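Peer 1: Structure file my_file_34.txt, compact mmCIF, C-alpha atoms, is pasted below:
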# COMPACT_ATOMS: atom_id res chain seq x y z
CA MET T 296 0.00 0.00 0.00
CA SER T 297 1.39 3.41 -0.95
CA LYS T 298 1.95 5.99 1.69
CA ASN T 299 -0.33 8.96 2.02
CA PRO T 300 1.62 11.93 0.56
CA SER T 301 0.48 14.11 3.42
CA THR T 302 2.08 11.77 5.97
CA ALA T 303 5.23 10.88 4.00
CA PRO T 304 8.45 12.07 5.61
CA ARG T 305 9.71 15.37 4.27
CA SER T 306 13.25 15.55 2.95
CA SER T 307 15.48 18.38 4.14
CA VAL T 308 17.29 21.04 2.15
CA LEU T 309 20.56 22.79 3.03
CA GLY T 310 21.62 19.90 5.26
CA ARG T 311 25.12 18.93 6.30
CA GLY T 312 27.52 18.03 3.55
CA SER T 313 29.67 14.92 3.65
CA TYR T 314 32.50 14.94 6.19
CA GLY T 315 35.18 15.24 3.51
CA GLU T 316 33.28 18.08 1.86
CA VAL T 317 32.99 19.97 5.15
CA LEU T 318 36.75 19.72 5.71
CA ARG T 319 37.51 20.84 2.15
CA ILE T 320 35.06 23.75 2.25
CA GLY T 321 36.48 24.83 5.61
CA ALA T 322 40.02 24.94 4.17
CA ILE T 323 38.84 26.96 1.16
CA LEU T 324 36.97 29.46 3.30
CA ARG T 325 39.98 30.03 5.55
CA LYS T 326 42.08 30.96 2.52
CA GLU T 327 39.29 33.09 1.05
CA THR T 328 39.01 34.92 4.38
CA VAL T 329 42.61 36.09 4.11
CA GLY T 330 42.10 36.96 0.44
CA GLY T 331 38.95 38.90 1.26
CA ILE T 332 40.73 40.99 3.88
CA LEU T 333 43.51 41.77 1.37
CA LEU T 334 40.87 42.61 -1.26
CA VAL T 335 39.13 45.07 1.06
CA ALA T 336 42.46 46.63 2.03
CA ALA T 337 43.48 47.04 -1.63
CA ALA T 338 40.13 48.67 -2.49
CA VAL T 339 40.39 51.10 0.45
CA ILE T 340 43.95 52.08 -0.54
CA ALA T 341 42.87 52.61 -4.16
CA LEU T 342 39.90 54.78 -3.15
CA ALA T 343 42.01 56.84 -0.77
CA TRP T 344 44.77 57.35 -3.36
CA ALA T 345 42.33 58.16 -6.19
CA ASN T 346 40.71 60.89 -4.05
CA SER T 347 43.90 62.32 -2.56
CA PRO T 348 46.01 65.27 -3.79
CA ALA T 349 48.26 62.64 -5.42
CA SER T 350 45.37 61.13 -7.43
CA ALA T 351 47.08 61.89 -10.76
CA SER T 352 49.86 59.42 -9.91
CA TYR T 353 47.31 56.66 -9.22
CA PHE T 354 45.61 57.07 -12.59
CA ALA T 355 48.97 57.39 -14.34
CA LEU T 356 50.02 54.08 -12.81
CA ARG T 357 46.71 52.41 -13.68
CA ASP T 358 46.85 53.63 -17.29
CA PHE T 359 50.56 52.94 -17.88
CA ARG T 360 50.78 50.72 -20.95
CA ILE T 361 53.12 47.80 -21.46
CA GLY T 362 53.14 44.82 -23.83
CA TYR T 363 53.63 43.73 -27.44
CA GLU T 364 51.18 45.40 -29.83
CA PRO T 365 51.44 42.89 -32.74
CA TRP T 366 50.05 40.25 -30.37
CA HIS T 367 47.28 42.63 -29.22
CA LEU T 368 48.93 42.75 -25.82
CA ASP T 369 49.82 46.45 -25.54
CA LEU T 370 47.64 46.91 -22.44
CA SER T 371 47.45 49.24 -19.47
CA LEU T 372 48.33 47.88 -16.05
CA GLY T 373 44.63 48.04 -15.19
CA ALA T 374 43.78 45.97 -18.26
CA TRP T 375 46.54 43.47 -17.46
CA ALA T 376 45.01 43.04 -14.01
CA ALA T 377 41.49 42.56 -15.43
CA ASP T 378 42.41 40.34 -18.39
CA GLY T 379 45.53 38.64 -17.09
CA LEU T 380 45.60 38.33 -13.32
CA LEU T 381 41.86 37.77 -13.11
CA ALA T 382 42.28 34.77 -15.43
CA ILE T 383 44.03 33.09 -12.48
CA PHE T 384 40.93 33.71 -10.36
CA PHE T 385 38.71 32.21 -13.05
CA PHE T 386 41.10 29.25 -13.42
CA LEU T 387 40.37 28.51 -9.75
CA VAL T 388 36.65 28.93 -10.46
CA GLY T 389 36.95 26.35 -13.26
CA LEU T 390 38.77 23.92 -10.96
CA GLU T 391 36.19 24.39 -8.20
CA LEU T 392 33.20 24.01 -10.54
CA LYS T 393 34.50 20.79 -12.07
CA ARG T 394 35.48 19.44 -8.65
CA GLU T 395 32.01 20.12 -7.25
CA PHE T 396 30.13 18.51 -10.13
CA VAL T 397 32.45 15.53 -10.61
CA ALA T 398 33.46 14.55 -7.07
CA GLY T 399 31.79 17.01 -4.69
CA ASP T 400 28.35 16.99 -3.12
CA LEU T 401 26.89 18.73 -6.19
CA ARG T 402 27.21 15.51 -8.18
CA GLN T 403 24.12 14.38 -6.26
CA PHE T 404 20.99 15.95 -7.68
CA SER T 405 19.26 16.02 -4.31
CA LYS T 406 22.06 18.15 -2.84
CA SER T 407 22.69 20.36 -5.86
CA VAL T 408 19.22 21.36 -6.98
CA VAL T 409 18.55 23.86 -4.17
CA PRO T 410 21.81 25.86 -4.25
CA ILE T 411 21.88 25.83 -8.06
CA ALA T 412 18.27 27.04 -8.30
CA ALA T 413 18.87 29.59 -5.55
CA ALA T 414 21.96 30.91 -7.36
CA ALA T 415 19.95 31.19 -10.58
CA GLY T 416 17.27 33.13 -8.73
CA GLY T 417 19.97 35.30 -7.20
CA VAL T 418 21.19 36.14 -10.71
CA ALA T 419 17.83 36.62 -12.44
CA VAL T 420 16.07 38.86 -9.91
CA PRO T 421 18.91 41.44 -9.61
CA ALA T 422 19.23 41.56 -13.40
CA VAL T 423 15.49 42.22 -13.74
CA ILE T 424 15.54 44.93 -11.06
CA TYR T 425 18.47 46.71 -12.71
CA ALA T 426 16.81 46.45 -16.13
CA LEU T 427 13.55 47.93 -14.81
CA VAL T 428 15.38 50.91 -13.29
CA ASN T 429 17.29 51.54 -16.54
CA LEU T 430 14.60 50.50 -19.00
CA THR T 431 14.37 53.92 -20.68
CA SER T 432 18.08 54.14 -21.53
CA SER T 433 19.64 51.65 -23.92
CA GLU T 434 23.09 52.96 -22.95
CA THR T 435 22.78 52.23 -19.22
CA LEU T 436 20.75 49.07 -19.83
CA ARG T 437 24.00 47.44 -20.98
CA GLY T 438 24.96 47.07 -17.33
CA TRP T 439 22.17 44.61 -16.49
CA ALA T 440 24.69 41.87 -15.62
CA ILE T 441 26.72 43.97 -13.16
CA PRO T 442 24.81 42.91 -9.99
CA THR T 443 24.60 39.20 -10.81
CA ALA T 444 27.67 37.72 -9.04
CA THR T 445 28.56 37.31 -5.36
CA ASP T 446 32.13 38.00 -4.25
CA ILE T 447 32.94 34.98 -2.07
CA ALA T 448 36.22 36.42 -0.74
CA PHE T 449 34.59 39.69 0.35
CA ALA T 450 31.59 37.85 1.86
CA VAL T 451 33.75 35.41 3.81
CA ALA T 452 35.94 38.29 5.03
CA VAL T 453 32.82 39.91 6.47
CA LEU T 454 32.01 36.68 8.29
CA ALA T 455 35.52 36.59 9.72
CA ILE T 456 35.28 40.21 10.89
CA ILE T 457 31.94 39.79 12.67
CA GLY T 458 33.04 36.44 14.16
CA SER T 459 29.93 34.58 13.10
CA HIS T 460 29.68 30.84 13.89
CA LEU T 461 27.75 29.73 10.85
CA PRO T 462 26.73 26.05 10.70
CA SER T 463 28.61 24.02 8.10
CA ALA T 464 25.45 23.71 5.98
CA LEU T 465 25.21 27.47 5.56
CA ARG T 466 28.92 27.82 4.81
CA ILE T 467 28.64 25.22 2.06
CA PHE T 468 25.48 26.92 0.79
CA LEU T 469 27.26 30.29 0.60
CA LEU T 470 30.27 28.88 -1.27
CA THR T 471 28.05 26.92 -3.67
CA LEU T 472 25.99 30.02 -4.40
CA ALA T 473 29.11 31.99 -5.20
CA VAL T 474 30.60 29.25 -7.38
CA VAL T 475 27.41 28.69 -9.39
CA ASP T 476 26.69 32.36 -9.98
CA ASP T 477 30.33 32.78 -11.04
CA LEU T 478 29.63 30.11 -13.68
CA ILE T 479 26.55 32.04 -14.80
CA ALA T 480 28.53 35.28 -14.84
CA ILE T 481 31.26 33.66 -16.95
CA SER T 482 28.63 32.48 -19.42
CA ILE T 483 27.16 35.99 -19.55
CA ILE T 484 30.60 37.50 -20.20
CA ALA T 485 31.34 34.96 -22.95
CA VAL T 486 27.98 35.45 -24.71
CA PHE T 487 27.09 39.10 -24.16
CA TYR T 488 30.41 40.87 -23.61
CA SER T 489 32.55 39.37 -26.35
CA SER T 490 32.72 41.48 -29.49
CA ASP T 491 34.31 41.47 -32.92
CA ILE T 492 35.13 37.76 -32.72
CA GLN T 493 38.17 36.75 -34.76
CA ALA T 494 37.86 33.14 -35.91
CA GLY T 495 41.57 32.70 -36.70
CA PRO T 496 43.02 33.23 -33.21
CA LEU T 497 40.07 31.39 -31.67
CA LEU T 498 40.70 28.29 -33.78
CA LEU T 499 44.44 28.50 -33.13
CA ALA T 500 43.72 28.59 -29.38
CA LEU T 501 42.26 25.10 -29.65
CA ILE T 502 45.72 23.66 -30.46
CA PRO T 503 47.55 24.59 -27.22
CA LEU T 504 44.34 23.98 -25.25
CA ALA T 505 44.05 20.45 -26.67
CA LEU T 506 47.73 19.72 -25.97
CA TYR T 507 47.37 21.14 -22.44
CA THR T 508 44.31 18.95 -21.83
CA PHE T 509 45.98 15.82 -23.20
CA LEU T 510 49.12 16.26 -21.08
CA ALA T 511 47.16 17.08 -17.91
CA GLN T 512 44.93 14.03 -18.36
CA LYS T 513 47.63 11.60 -19.52
CA TYR T 514 50.34 12.57 -17.02
CA ARG T 515 48.28 13.67 -14.04
CA ARG T 516 50.48 11.78 -11.58
CA PHE T 517 53.62 13.35 -13.02
CA PHE T 518 52.30 16.90 -12.67
CA GLY T 519 50.87 16.13 -9.24
CA THR T 520 54.16 14.92 -7.77
CA ARG T 521 56.50 17.37 -9.56
CA PRO T 522 55.35 20.98 -9.04
CA ALA T 523 58.06 22.41 -11.31
CA ALA T 524 56.73 20.39 -14.26
CA ALA T 525 53.42 22.25 -14.24
CA TRP T 526 55.23 25.61 -14.31
CA LEU T 527 57.58 24.57 -17.11
CA ILE T 528 55.17 22.61 -19.32
CA LEU T 529 51.52 23.42 -18.60
CA LEU T 530 51.92 27.10 -17.78
CA PRO T 531 53.43 28.11 -21.15
CA LEU T 532 50.63 26.25 -22.97
CA GLY T 533 48.09 28.00 -20.74
CA VAL T 534 49.61 31.43 -21.46
CA ILE T 535 49.53 30.78 -25.22
CA THR T 536 45.89 29.69 -24.98
CA TRP T 537 45.06 32.81 -22.96
CA ALA T 538 46.82 35.12 -25.45
CA LEU T 539 45.03 33.61 -28.46
CA VAL T 540 41.63 33.76 -26.75
CA HIS T 541 42.35 37.40 -25.85
CA ALA T 542 43.23 38.17 -29.46
CA SER T 543 40.04 36.47 -30.67
CA GLY T 544 37.78 39.04 -29.01
CA ILE T 545 36.40 36.68 -26.35
CA HIS T 546 37.22 37.96 -22.88
CA ALA T 547 40.45 36.32 -21.80
CA THR T 548 39.11 35.24 -18.39
CA VAL T 549 37.04 32.64 -20.25
CA ALA T 550 40.36 30.96 -21.13
CA GLY T 551 41.08 30.62 -17.42
CA VAL T 552 37.85 28.70 -16.90
CA LEU T 553 38.52 26.39 -19.87
CA LEU T 554 42.02 25.64 -18.57
CA GLY T 555 40.53 24.83 -15.16
CA PHE T 556 37.96 22.51 -16.73
CA ALA T 557 40.77 20.63 -18.52
CA ILE T 558 42.42 19.48 -15.28
CA PRO T 559 41.35 15.97 -14.14
CA VAL T 560 39.56 15.67 -10.81
CA ILE T 561 39.83 11.92 -10.13
CA ARG T 562 43.16 10.14 -9.67
CA SER T 563 44.04 7.66 -12.39
CA ARG T 564 43.88 3.90 -11.73
CA ALA T 565 47.66 3.74 -11.96
CA SER T 566 47.82 6.20 -9.06
CA GLY T 567 45.39 4.22 -6.94
CA GLY T 568 42.07 5.68 -8.09
CA PRO T 569 39.76 8.05 -6.18
CA ALA T 570 40.44 6.42 -2.80
CA ALA T 571 44.19 7.09 -2.98
CA GLY T 572 43.91 10.80 -2.24
CA PRO T 573 43.23 14.14 -3.96
CA GLY T 574 43.37 14.35 -7.73
CA LEU T 575 45.32 16.86 -9.81
CA SER T 576 42.49 19.41 -9.68
CA GLU T 577 42.55 19.56 -5.89
CA ILE T 578 46.35 19.64 -5.86
CA PHE T 579 46.36 22.59 -8.25
CA GLU T 580 43.67 24.27 -6.19
CA HIS T 581 45.90 24.14 -3.11
CA ARG T 582 48.89 25.41 -5.10
CA PHE T 583 47.23 28.30 -6.91
CA ARG T 584 44.51 29.54 -4.54
CA PRO T 585 47.04 31.54 -2.45
CA ILE T 586 48.23 33.22 -5.67
CA SER T 587 44.67 34.05 -6.66
CA ALA T 588 43.44 35.16 -3.23
CA GLY T 589 46.67 36.82 -2.12
CA ILE T 590 47.87 38.50 -5.33
CA ALA T 591 45.61 38.34 -8.39
CA VAL T 592 42.29 39.48 -6.89
CA PRO T 593 43.71 42.18 -4.56
CA VAL T 594 45.79 43.68 -7.40
CA PHE T 595 42.72 43.68 -9.65
CA ALA T 596 40.73 45.37 -6.86
CA PHE T 597 43.47 47.96 -6.46
CA PHE T 598 43.36 48.97 -10.12
CA SER T 599 39.58 48.69 -10.53
CA ALA T 600 38.15 50.16 -7.31
CA GLY T 601 39.98 53.48 -7.55
CA VAL T 602 37.45 56.07 -8.67
CA ALA T 603 37.64 59.83 -8.17
CA VAL T 604 34.35 60.59 -6.45
CA GLY T 605 34.70 64.36 -6.73
CA GLY T 606 33.65 65.33 -3.23
CA TRP T 607 30.13 65.48 -1.89
CA ASP T 608 28.63 66.79 -5.14
CA GLY T 609 30.31 64.02 -7.10
CA LEU T 610 29.08 61.39 -4.67
CA VAL T 611 25.51 62.69 -4.91
CA SER T 612 25.75 62.75 -8.70
CA ALA T 613 27.01 59.17 -8.79
CA LEU T 614 24.42 57.82 -6.37
CA THR T 615 21.54 59.50 -8.23
CA ASP T 616 22.61 57.98 -11.55
CA PRO T 617 20.14 55.21 -12.58
CA VAL T 618 23.18 52.97 -13.05
CA ALA T 619 24.15 53.20 -9.35
CA ILE T 620 20.51 53.11 -8.19
CA GLY T 621 19.86 49.95 -10.20
CA ILE T 622 23.00 48.27 -8.87
CA ILE T 623 22.26 49.13 -5.23
CA LEU T 624 18.63 47.99 -5.42
CA ALA T 625 19.61 44.83 -7.31
CA LEU T 626 22.36 43.74 -4.90
CA VAL T 627 20.79 44.80 -1.61
CA LEU T 628 17.18 43.81 -2.37
CA GLY T 629 17.31 41.63 -5.48
CA LYS T 630 19.96 39.16 -4.30
CA PRO T 631 18.23 38.16 -1.05
CA ALA T 632 14.82 38.17 -2.74
CA GLY T 633 16.02 35.88 -5.52
CA ILE T 634 17.96 33.48 -3.29
CA LEU T 635 15.54 33.29 -0.39
CA GLY T 636 12.45 33.31 -2.61
CA THR T 637 13.72 30.51 -4.84
CA THR T 638 14.74 28.37 -1.85
CA TRP T 639 11.34 28.87 -0.20
CA LEU T 640 9.45 28.05 -3.41
CA LEU T 641 11.47 24.84 -3.83
CA THR T 642 10.56 23.69 -0.33
CA LYS T 643 6.89 24.23 -1.18
CA ALA T 644 7.07 22.63 -4.62
CA THR T 645 9.01 19.53 -3.49
CA ARG T 646 7.54 19.12 0.01
CA ALA T 647 11.07 19.44 1.35
CA SER T 648 11.73 21.24 4.62
CA LEU T 649 14.63 23.27 5.92
CA ASP T 650 17.25 21.21 7.77
CA LYS T 651 16.37 21.04 11.47
CA SER T 652 19.64 22.74 12.46
CA LEU T 653 18.71 25.89 10.51
CA LYS T 654 16.12 28.64 10.63
CA TRP T 655 14.83 30.73 7.75
CA ILE T 656 16.44 33.79 9.34
CA ASP T 657 19.81 32.04 8.81
CA VAL T 658 19.10 31.59 5.11
CA PHE T 659 17.96 35.21 4.92
CA GLY T 660 21.21 36.37 6.53
CA VAL T 661 23.34 34.45 4.03
CA SER T 662 21.12 35.72 1.18
CA VAL T 663 21.79 39.30 2.29
CA LEU T 664 25.50 38.50 2.54
CA ALA T 665 25.39 37.26 -1.06
CA GLY T 666 24.51 40.84 -2.05
CA ILE T 667 28.19 41.69 -1.66
CA GLY T 668 29.26 41.98 -5.28
CA PHE T 669 32.77 43.13 -6.04
CA THR T 670 35.32 41.38 -8.24
CA VAL T 671 33.11 40.14 -11.09
CA SER T 672 30.77 43.14 -10.75
CA LEU T 673 33.68 45.56 -11.26
CA LEU T 674 34.82 43.54 -14.27
CA VAL T 675 31.36 43.52 -15.87
CA ALA T 676 31.01 47.27 -15.23
CA GLU T 677 34.18 47.91 -17.19
CA LEU T 678 33.01 45.63 -20.00
CA SER T 679 29.59 47.33 -20.05
CA PHE T 680 30.60 50.98 -20.13
CA GLY T 681 34.29 51.15 -20.93
CA HIS T 682 37.17 51.63 -18.51
CA GLY T 683 37.15 55.10 -16.92
CA SER T 684 33.86 56.29 -18.44
CA THR T 685 31.36 58.28 -16.36
CA HIS T 686 28.91 55.39 -16.17
CA ASP T 687 31.75 53.04 -15.24
CA ASP T 688 32.78 55.34 -12.38
CA HIS T 689 29.18 55.63 -11.20
CA ALA T 690 28.78 51.86 -11.44
CA LYS T 691 31.85 51.40 -9.24
CA VAL T 692 30.41 53.79 -6.66
CA GLY T 693 27.15 51.82 -6.79
CA ILE T 694 28.98 48.50 -6.36
CA LEU T 695 31.00 49.77 -3.42
CA ALA T 696 27.96 51.36 -1.76
CA ALA T 697 25.80 48.27 -2.29
CA SER T 698 28.50 45.91 -1.02
CA LEU T 699 29.02 48.06 2.09
CA LEU T 700 25.27 48.26 2.73
CA ALA T 701 24.83 44.49 2.22
CA ALA T 702 27.73 43.83 4.59
CA LEU T 703 26.21 46.06 7.28
CA LEU T 704 22.75 44.51 6.93
CA ALA T 705 24.19 40.99 6.98
CA THR T 706 26.19 41.91 10.07
CA ALA T 707 23.01 43.10 11.79
CA VAL T 708 21.11 39.92 10.91
CA LEU T 709 23.87 37.40 11.52
CA GLY T 710 25.16 39.23 14.59
CA THR T 711 21.90 38.49 16.38
CA ARG T 712 22.32 34.82 15.49
CA ASN T 713 25.81 34.36 16.96
CA ARG T 714 24.52 32.79 20.15
CA GLN T 715 22.32 30.36 18.20
CA TYR T 716 25.22 29.48 15.88
CA ARG T 717 27.46 28.70 18.84
CA ALA T 718 24.70 26.51 20.29
CA LEU T 719 24.38 24.68 16.97
CA GLU T 720 28.13 24.05 16.85
CA ALA T 721 28.01 22.69 20.41
CA GLU T 722 25.13 20.41 19.41
CA GLU T 723 27.11 19.08 16.45
CA THR T 724 30.00 18.07 18.72
CA ILE T 725 27.88 16.21 21.29
CA ASP T 726 27.36 13.08 19.20
CA THR T 727 30.98 12.19 18.48
CA ASP T 728 33.11 9.10 18.52
CA GLN T 729 36.48 8.68 20.23
CA ASP T 730 38.24 10.43 17.37
CA GLY T 731 36.04 13.47 17.75
CA ILE T 732 34.28 12.93 14.42
CA PRO T 733 30.48 13.39 14.41
CA ASP T 734 28.63 10.11 13.84
CA VAL T 735 26.70 11.75 11.03
CA TYR T 736 29.95 11.61 9.04
CA GLN T 737 31.03 8.06 9.96
CA GLU T 738 29.74 6.49 6.77
CA ASP T 739 31.62 9.01 4.64
CA ARG T 740 34.81 8.45 6.63
CA GLN T 741 34.57 4.67 6.31
CA ARG T 742 34.24 4.98 2.55
Represent the structure of the file as structure tokens.
Peer 2:
Amino acid sequence: MSKNPSTAPRSSVLGRGSYGEVLRIGAILRKETVGGILLVAAAVIALAWANSPASASYFALRDFRIGYEPWHLDLSLGAWAADGLLAIFFFLVGLELKREFVAGDLRQFSKSVVPIAAAAGGVAVPAVIYALVNLTSSETLRGWAIPTATDIAFAVAVLAIIGSHLPSALRIFLLTLAVVDDLIAISIIAVFYSSDIQAGPLLLALIPLALYTFLAQKYRRFFGTRPAAAWLILLPLGVITWALVHASGIHATVAGVLLGFAIPVIRSRASGGPAAGPGLSEIFEHRFRPISAGIAVPVFAFFSAGVAVGGWDGLVSALTDPVAIGIILALVLGKPAGILGTTWLLTKATRASLDKSLKWIDVFGVSVLAGIGFTVSLLVAELSFGHGSTHDDHAKVGILAASLLAALLATAVLGTRNRQYRALEAEETIDTDQDGIPDVYQEDRQR
């Protein structure tokens, strides 16, 4: 006899991840915390310098050009940071995305559907809000994608500053949101912000990319055990791929994602298979994340966040521009509305319920925190309006104001939950074995 649907047990959403996943996510977030603090520091220095009596030297440094023109690489230092250094960040995004969908918890549909749908809602609603605010101007409407991505480093840095004790389920949810909406943002950049595509360089890029992929897949153990080999063999192929993609008219950060996707996640059978330890993707992630979080993203923030506000009148002018208004409303209101609304609708549509360790106010707090948009938002603003244009400057002011406002609101919400978070952490440690590992993770550990 079939069970009555009304009495059938309800599945939970946003539950604990596997034990291995919790450890991995924790390690990532610790590194992103440091990177986020450096990112904020770099942005503050850039803003202070750009609005100081020595502002001319900042813009001269940002606009200083260097490179080889025949290869379309005669770029300003600001452009090198956006197109070059940020490719390292997107390489890490590619590694993380593939790792999550091949070997992480997102390979299971039941665990991936909620964060993926929530991330999609957190992209769509802000884009719609921005478009509605700028509907009458085709020029400013180009910036509809600016408020779509969450800056995970900035968001995690805020958590570190306020000392919040988020449950592991929410930490995983936050990272997954950021990773998935980065994937959506990359797709948007590739489709909507690539112009004057040159087929020749694009086709030529397939040659070093194919060789890079073949070597990484065929000799994964070799590159995993000999760090110098990756620098001497794979890196040059990656740089050539990046340069050809850049010359083709497709934004060069897309090359970073493709190179990340090419790295194998699972260990080969000759190396012992999946049970023998981390694959090449995870090894590369450990090697290159400090470079991304500690150098690439902060340097990009330094060259991109510096905008001459022009005093009080300039600030008022920027904040009353529909571009800034749309960005602020989209990030501060649209992000939490899209994420929280989509999650709530899924629980109603699937008869799933929120994990018993969480409250809806927790999800709301993380949704507000996801309104911190910085790295990708600054990049899309430059692609939308042109580096240094008036709308670009106003968009940067809007991004900074929205991120600050979202951080303050998230601090207010999550700050009131600190006591409950500490209680949840204490509850998670009660049911442990002699090794101090929660029983809920025993099956994963035994595997």
Peer 1: Just want the 12 Å neighbourhood of Lys393 in chain T, counted on all atoms listed in the file, with same-chain residues fewer than 6 positions away dropped. Output as a ChimeraX atom specification.
Peer 2: /T:386-387,399-402,474-475,478,552-561,574-577,580
Peer 1: At what distance in Å, to one decimal, does CA of Gly551 in chain T lie from CA of Lys691 in chain T?
Peer 2: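 Between CA of Lys691 in chain T and CA of Gly551 in chain T the gap works out to 24.2 Å.
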Peer 1: Would you kindly return, as a PyMOL selection string, each protein, DNA or RNA residue with an atom no farther than 8 Å from any atom of Ser489 in chain T, considering only C-alpha atoms and excluding same-chain residues fewer than 6 positions away?
Peer 2: chain T and resi 544-546
Peer 1: Write a file of the just-selected residues containing C-alpha atoms, as a CSV table (one decimal), keeping the file's coordinate frame.
Peer 2:
chain,number,residue,atom,x,y,z
T,544,GLY,CA,37.8,39.0,-29.0
T,545,ILE,CA,36.4,36.7,-26.4
T,546,HIS,CA,37.2,38.0,-22.9
Peer 1: Between T:Pro496, T:Pro593, T:Gly416, T:Pro503, which one has atoms that come closest to Leu334 in chain T, using only C-alpha atoms?
Peer 2: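 Closest residue, counting only C-alpha atoms: T:Pro593.
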Peer 1: Considering all atoms listed in the file, return as a PyMOL selection string whatever protein or nucleic-acid residues lie within 9 Å of Trp537 in chain T, sequence-local ones (same chain, fewer than 3 positions apart) excluded.
Peer 2: chain T and resi 379+382+500+532-534+540-542+547-551+554
Peer 1: What's around Gly666 in chain T at 6 Å? Count only C-alpha atoms, leave out sequence neighbours fewer than 5 positions away in its own chain, and write the answer as a list in words.
Peer 2: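 Skipping anything fewer than 5 positions along the chain leaves Leu626, Val627, Lys630 and Ala701 of chain T.
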Peer 1: Given the choices T:Ala696, T:Leu624, T:Ala452, T:Leu539, which gets closest to Gly495 in chain T if the distance is worked out from all atoms listed in the file?
Peer 2: T:Leu539
Peer 1: Please write as a compact mmCIF listing (two decimals) with C-alpha atoms, in the frame of the given file the list of polymer residues whose atoms come within 12 Å of (47.0, 56.8, -7.7), counting all atoms listed in the file and keeping to the coordinates of the file.
Peer 2:
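Saved result, point.txt, follows:
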# COMPACT_ATOMS: atom_id res chain seq x y z
CA ALA T 338 40.13 48.67 -2.49
CA VAL T 339 40.39 51.10 0.45
CA ILE T 340 43.95 52.08 -0.54
CA ALA T 341 42.87 52.61 -4.16
CA LEU T 342 39.90 54.78 -3.15
CA ALA T 343 42.01 56.84 -0.77
CA TRP T 344 44.77 57.35 -3.36
CA ALA T 345 42.33 58.16 -6.19
CA ASN T 346 40.71 60.89 -4.05
CA SER T 347 43.90 62.32 -2.56
CA PRO T 348 46.01 65.27 -3.79
CA ALA T 349 48.26 62.64 -5.42
CA SER T 350 45.37 61.13 -7.43
CA ALA T 351 47.08 61.89 -10.76
CA SER T 352 49.86 59.42 -9.91
CA TYR T 353 47.31 56.66 -9.22
CA PHE T 354 45.61 57.07 -12.59
CA ALA T 355 48.97 57.39 -14.34
CA LEU T 356 50.02 54.08 -12.81
CA ARG T 357 46.71 52.41 -13.68
CA ASP T 358 46.85 53.63 -17.29
CA PHE T 359 50.56 52.94 -17.88
CA GLY T 373 44.63 48.04 -15.19
CA PHE T 597 43.47 47.96 -6.46
CA PHE T 598 43.36 48.97 -10.12
CA SER T 599 39.58 48.69 -10.53
CA ALA T 600 38.15 50.16 -7.31
CA GLY T 601 39.98 53.48 -7.55
CA VAL T 602 37.45 56.07 -8.67
CA ALA T 603 37.64 59.83 -8.17
Peer 1: Go through T:Phe583, T:Trp639, T:Tyr514, T:Trp375 and flag the residue nearest Lys654 in chain T, using only C-alpha atoms for the distances.
Peer 2: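 The answer is T:Trp639, which sits nearest to Lys654 in chain T.
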Peer 1: Pick the closest to Ser490 in chain T from T:Val671, T:Ser543, T:Val661, T:Val408: which is it, counting all atoms listed in the file?
Peer 2: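 Among T:Val671, T:Ser543, T:Val661, T:Val408, it is T:Ser543 that comes nearest to Ser490 in chain T.
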Peer 1: Which value, in Å to one decimal, gives the distance between CA of Thr642 in chain T and CA of Val409 in chain T?
Peer 2: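 These atoms are spaced 8.9 Å apart.
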Peer 1: Quick one, how far is CA of Ile441 in chain T from CA of Ala422 in chain T?
Peer 2: 7.9 Å
Peer 1: Could you check which of T:Leu506, T:Ala538, T:Ala444, T:Ala415 is closest to Asp369 in chain T, using all atoms listed in the file?
Peer 2: T:Ala538
Peer 1: Determine the nearest neighbour of Ala596 in chain T from the options T:Ile361, T:Ala702, T:Ala448, T:Leu499, counting all atoms listed in the file.
Peer 2: T:Ala448
Peer 1: Tell me, as a list in words, which residues lie within 12 Å of Pro522 in chain T, counting only C-alpha atoms; anything in the same chain fewer than 4 positions away does not count.
Peer 2: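 Contacts, in chain order: Arg515, Arg516, Phe517, Phe518, Trp526, Leu527, Ile528, Leu529, Leu530, Leu575, Ile578, Phe579, His581, Arg582 and Phe583 of chain T.
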